[in-house]
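> Submitted below is the structure of interest, expressed as structure tokens.
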Amino acid sequence: MALLQISEPAASPVPHERRLAVGIDLGTTNSLVATVRNGIPVVLPDDQGRPLLPSIVRYRDEARGVDVGYAAEALQARDPQNTIVSVKRFMGRGLADFTDDRRFPYRFIDEPGMVRLATRAGIKSPVEVSAEILRALSVRATLSLGGELAGVVVTVPAYFDDAQRQATKDAAKLAGLNVLRLLNEPTAAAIAYGLDNAAEGTYAVYDLGGGTFDISILTLSRGVFEVLATNGDSALGGDDFDHRVYCWMIETAGIAPHSAEDTRLLMLKAREAKENLTLHPNATIVATLSTGDRVDLTLTADTFTAITRTLVAKTLTPLKRALRDAQLTPFDIKGVVMVGGATRMPQIQKAVGEFFGQPPLTNLDPDQVVALGAAIQANVLAGNRSPGEDWLLLDVIPLSLGLETMGGLVEKVVPRNSTIPVARSQEFTTFKDGQTAMAIHVVQGEREKVPDCRSLARFELRGIPPMVAGAARIRVTFQVDADGLLAVSAREETSGIEAAVTVKPSYGLSDSDIAGMLQDSFTHAANDMVARALAEAQVEADMLVAATRAALTADNDLLSDEERAAIVKAMDAVVAAREGSDQRAISAGTKALNQVTGDFAARRMDRGVARALTGRRVDALT
Amino acid sequence: MIDFSLNYFELFGVPARYGVDVEVLERAYRALQNEVHPDRHAVGTDADRRLALQSSARVNEAYRALKHPVLRAQYLLSLRGIDAGDETDTALPFDFLERQLERREAVAEAAQVADERALAIMLDAVRGEARLREQELERLLDHESAWDEARQRVRELKFLTKLADDIDVAITATEA
């Protein structure tokens, strides 16, 4: 995809064929990008030397465009409704998932599958907001490494379910990235830690991020990282500690109901206080609200520990469950690796230390360790493995996958903590004479009743030949790939007649529902692949058209009228082909559009490099 | 990438016995995954990646079947054409069933009052009994070729394993 993955032939950085690969930690609070340079994983800083990118996106009011990172952070208290923080919490989540949505200053729009946010730049899905963060990191990496990225590894919380994973992968695709793998955050940390320390044995990774909590138990043995069990809470993190402090401030200072701007200001102050308490016994909180009211409080470490005790306790339950799933006790654990900025809190370290009967390991920067591990994995996946680097990673799915059966009960097909990739089938039958269709409802979760689990997809298998009840043999197959993403197919297998349906949620196929999209067919598995190829061609076409439009808007002046007309014509041809179902026509159109935009892409790259170089020169002078 | 026509024991190159050398099995499993895992084919063609996914999933499934005491016995019997996994065939000795029903009641009672300690003790007892069944299965399958009796033991073992899982769930529920 020329426009998105711009490459400059003359600037090819390394003589031998080393493929540029990066690891991206797409965090709730901060995001990072890292790569392996001369065999050593390093975080790539921005042009001011800052390793982190605050995961904050602001939709500007003046000309269209976005601020990402520190620029957005600086404006968040002034423009809270258009400045999206902690967007990770909304990935793959509906409005109904937020019991306390009033704590967020956004204008939410309830949509099936995933909540949307109304901003001054229009209605944005969490996938689009996340794509902005990923795009900023991608630009940073491309400029820093001096070439096109061959692929990326993006990390996700281990406890992310299928919808959250799919949303993350969609965001990366939307940002024009070639996703080599979605990698679980604690596993990434274990790679960085294990390879750094040449560790062997059974370890626990306690990962408390800004908005998510994971615990993974894994063994490191003879170059294999094998995850035994994982557990967690995908809606628990440092944010919640800030919120406790915020509530304490409101209550203690007797602050009346206030504006979104003041809420954001107070949340920032709460976070500062939390961070100060890592090193100091007291934190002073001073703020002036827009009403003119002044807040002047002192929060002691003891009070902070007391008001967050239930949150700390909430992390110990998943810990116990993970150990039990691995059939281990705390004494079997050789070391506990701490990951995520929130693990800097002394009360967390104390609680974890007491639980395992040993002080946790904190020798790697808890903010960076996930990105470093992701970079190591990206490097290996891209084919840059050095001799002797033959370690292997065996990960698991965090939550059981199953089907709805009679009476609204869940029949588990793939239990939690199954090693991925995994393919498993189960046979079902009809319960009525002459039944020709069957509804299939795919769910994820540990509870026995359907409404208590997350609904992933629904589809119908039609065309079952009429038979007496119980005679049909319907084989439902669940396949989870190495990214932890699920595809489900169903097939009726009697008297040579087969029917199959494949469910594969994907972004961009339908604007009505990002998370749920189904493919319906009545033919052989071979034809499923045709359907898959079509779906992929459609996604690619949509992304290229979107990228071309964006490029035309941003750098219109680089083109002559003739060139522009040629691009628009090719783009219209792709849009027209996209309406049909001829995969070859769509792919041919995409290819043609790619060709006609090639020069444009090169010119944009030159401009991008020129801007970057200009920026650097200014920096060097000051 | 792998030969899909091989049975699980052949796939790992281990003897088709109930008594498996876990370490040998584990080594064979890791060696295979080292070749076929999708991570080894991340930059391959679509066809290559699809094959890696299928091969790796098959190796995982085979490993699970041979590692799990119930599944391994069922698989060994299935290689001899004996179905020990049929859900509809639930005939078990009366005294065994009676003992387990009593146990289930005790579990339900302990779960009701969230008695985590009592549940943990019961879990240990059930797991201990399951281990005895495994020892018997090794004798019946590997030394005496007593398939019918083995089939009976497998079903009991399956029952005990399910009970252990249920107690586990009950313990989890006490923490919620």
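Each chain of the structure tokens is named A, B, ... in the order shown, its residues numbered from 1; ligands are numbered from 1 in display order.
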Enumerate the residues of range 261-342 of chain A with a DSSP assignment of strand (DSSP E), computed from the backbone, and present them as a PyMOL selection string.

chain A and resi 282-288+294-300+335-339

> Hey, what does DSSP flag as alpha helix (DSSP H) within range 19-128 of chain B? Can you give it to me as a ChimeraX atom specification?

/B:22-36,46-67,69-79,94-112,116-128

> For a quick test of understanding: name the residues of chain B lying within 7 Å of chain A when counting only C-alpha atoms, and present them as a PDB file with C-alpha atoms, in the first residue's frame.


```pdb
ATOM      1  CA  ASN B  34       9.352 -25.177  16.948  1.00  0.00           C
ATOM      2  CA  PRO B  38       2.691 -19.751  13.152  1.00  0.00           C
ATOM      3  CA  ASP B  39       5.468 -17.619  14.682  1.00  0.00           C
ATOM      4  CA  ARG B  40       7.889 -19.581  12.502  1.00  0.00           C
ATOM      5  CA  ALA B  42       4.828 -15.118  10.075  1.00  0.00           C
ATOM      6  CA  VAL B  43       6.337 -13.842   6.827  1.00  0.00           C
ATOM      7  CA  LEU B  53      -2.022 -22.597  11.779  1.00  0.00           C
ATOM      8  CA  SER B  56       0.170 -26.105  15.063  1.00  0.00           C
ATOM      9  CA  ALA B  57      -3.448 -26.475  16.167  1.00  0.00           C
ATOM     10  CA  ASN B  60      -1.637 -28.693  20.358  1.00  0.00           C
ATOM     11  CA  THR B 172     -13.832 -19.761  42.538  1.00  0.00           C
ATOM     12  CA  GLU B 175     -14.051 -15.680  46.104  1.00  0.00           C
TER      13      GLU B 175
END
```

> May I have the residues within 9 Å of Trp147 in chain B as a PyMOL selection string, using only C-alpha atoms and disregarding those fewer than 4 positions away in the same chain?

chain B and resi 77+80+82+140-141+151-152

> Go ahead and write the residues just picked, N, CA, C and O atoms, as a compact mmCIF listing (two decimals), in the first residue's frame.


```txt
# COMPACT_ATOMS: atom_id res chain seq x y z
N LEU B 77 -8.07 -46.26 23.66
CA LEU B 77 -9.17 -47.19 23.40
C LEU B 77 -9.75 -46.96 22.01
O LEU B 77 -10.10 -47.91 21.31
N ARG B 80 -8.27 -48.74 19.26
CA ARG B 80 -8.67 -50.14 19.18
C ARG B 80 -10.15 -50.26 18.81
O ARG B 80 -10.76 -51.31 18.95
N ILE B 82 -12.64 -48.86 20.31
CA ILE B 82 -13.55 -48.86 21.46
C ILE B 82 -13.90 -47.43 21.83
O ILE B 82 -13.01 -46.60 22.07
N LEU B 140 -4.16 -51.81 33.44
CA LEU B 140 -5.15 -52.44 32.57
C LEU B 140 -4.82 -52.28 31.09
O LEU B 140 -4.97 -53.22 30.31
N LEU B 141 -4.34 -51.10 30.73
CA LEU B 141 -4.11 -50.81 29.31
C LEU B 141 -2.75 -51.30 28.82
O LEU B 141 -2.64 -51.88 27.74
N ARG B 151 -12.24 -49.43 30.08
CA ARG B 151 -13.31 -48.54 29.64
C ARG B 151 -14.12 -48.07 30.85
O ARG B 151 -14.50 -46.90 30.96
N GLN B 152 -14.36 -49.02 31.77
CA GLN B 152 -15.08 -48.70 33.00
C GLN B 152 -14.31 -47.67 33.84
O GLN B 152 -14.87 -46.68 34.30
```

> Applying 6 Å and only C-alpha atoms, which residues near Arg473 in chain A remain after dropping the ones on its own chain fewer than 6 positions away? List them as a list in words.

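Neighbouring residues, sequence-local ones excluded: Thr429, Glu492 and Glu493 of chain A.
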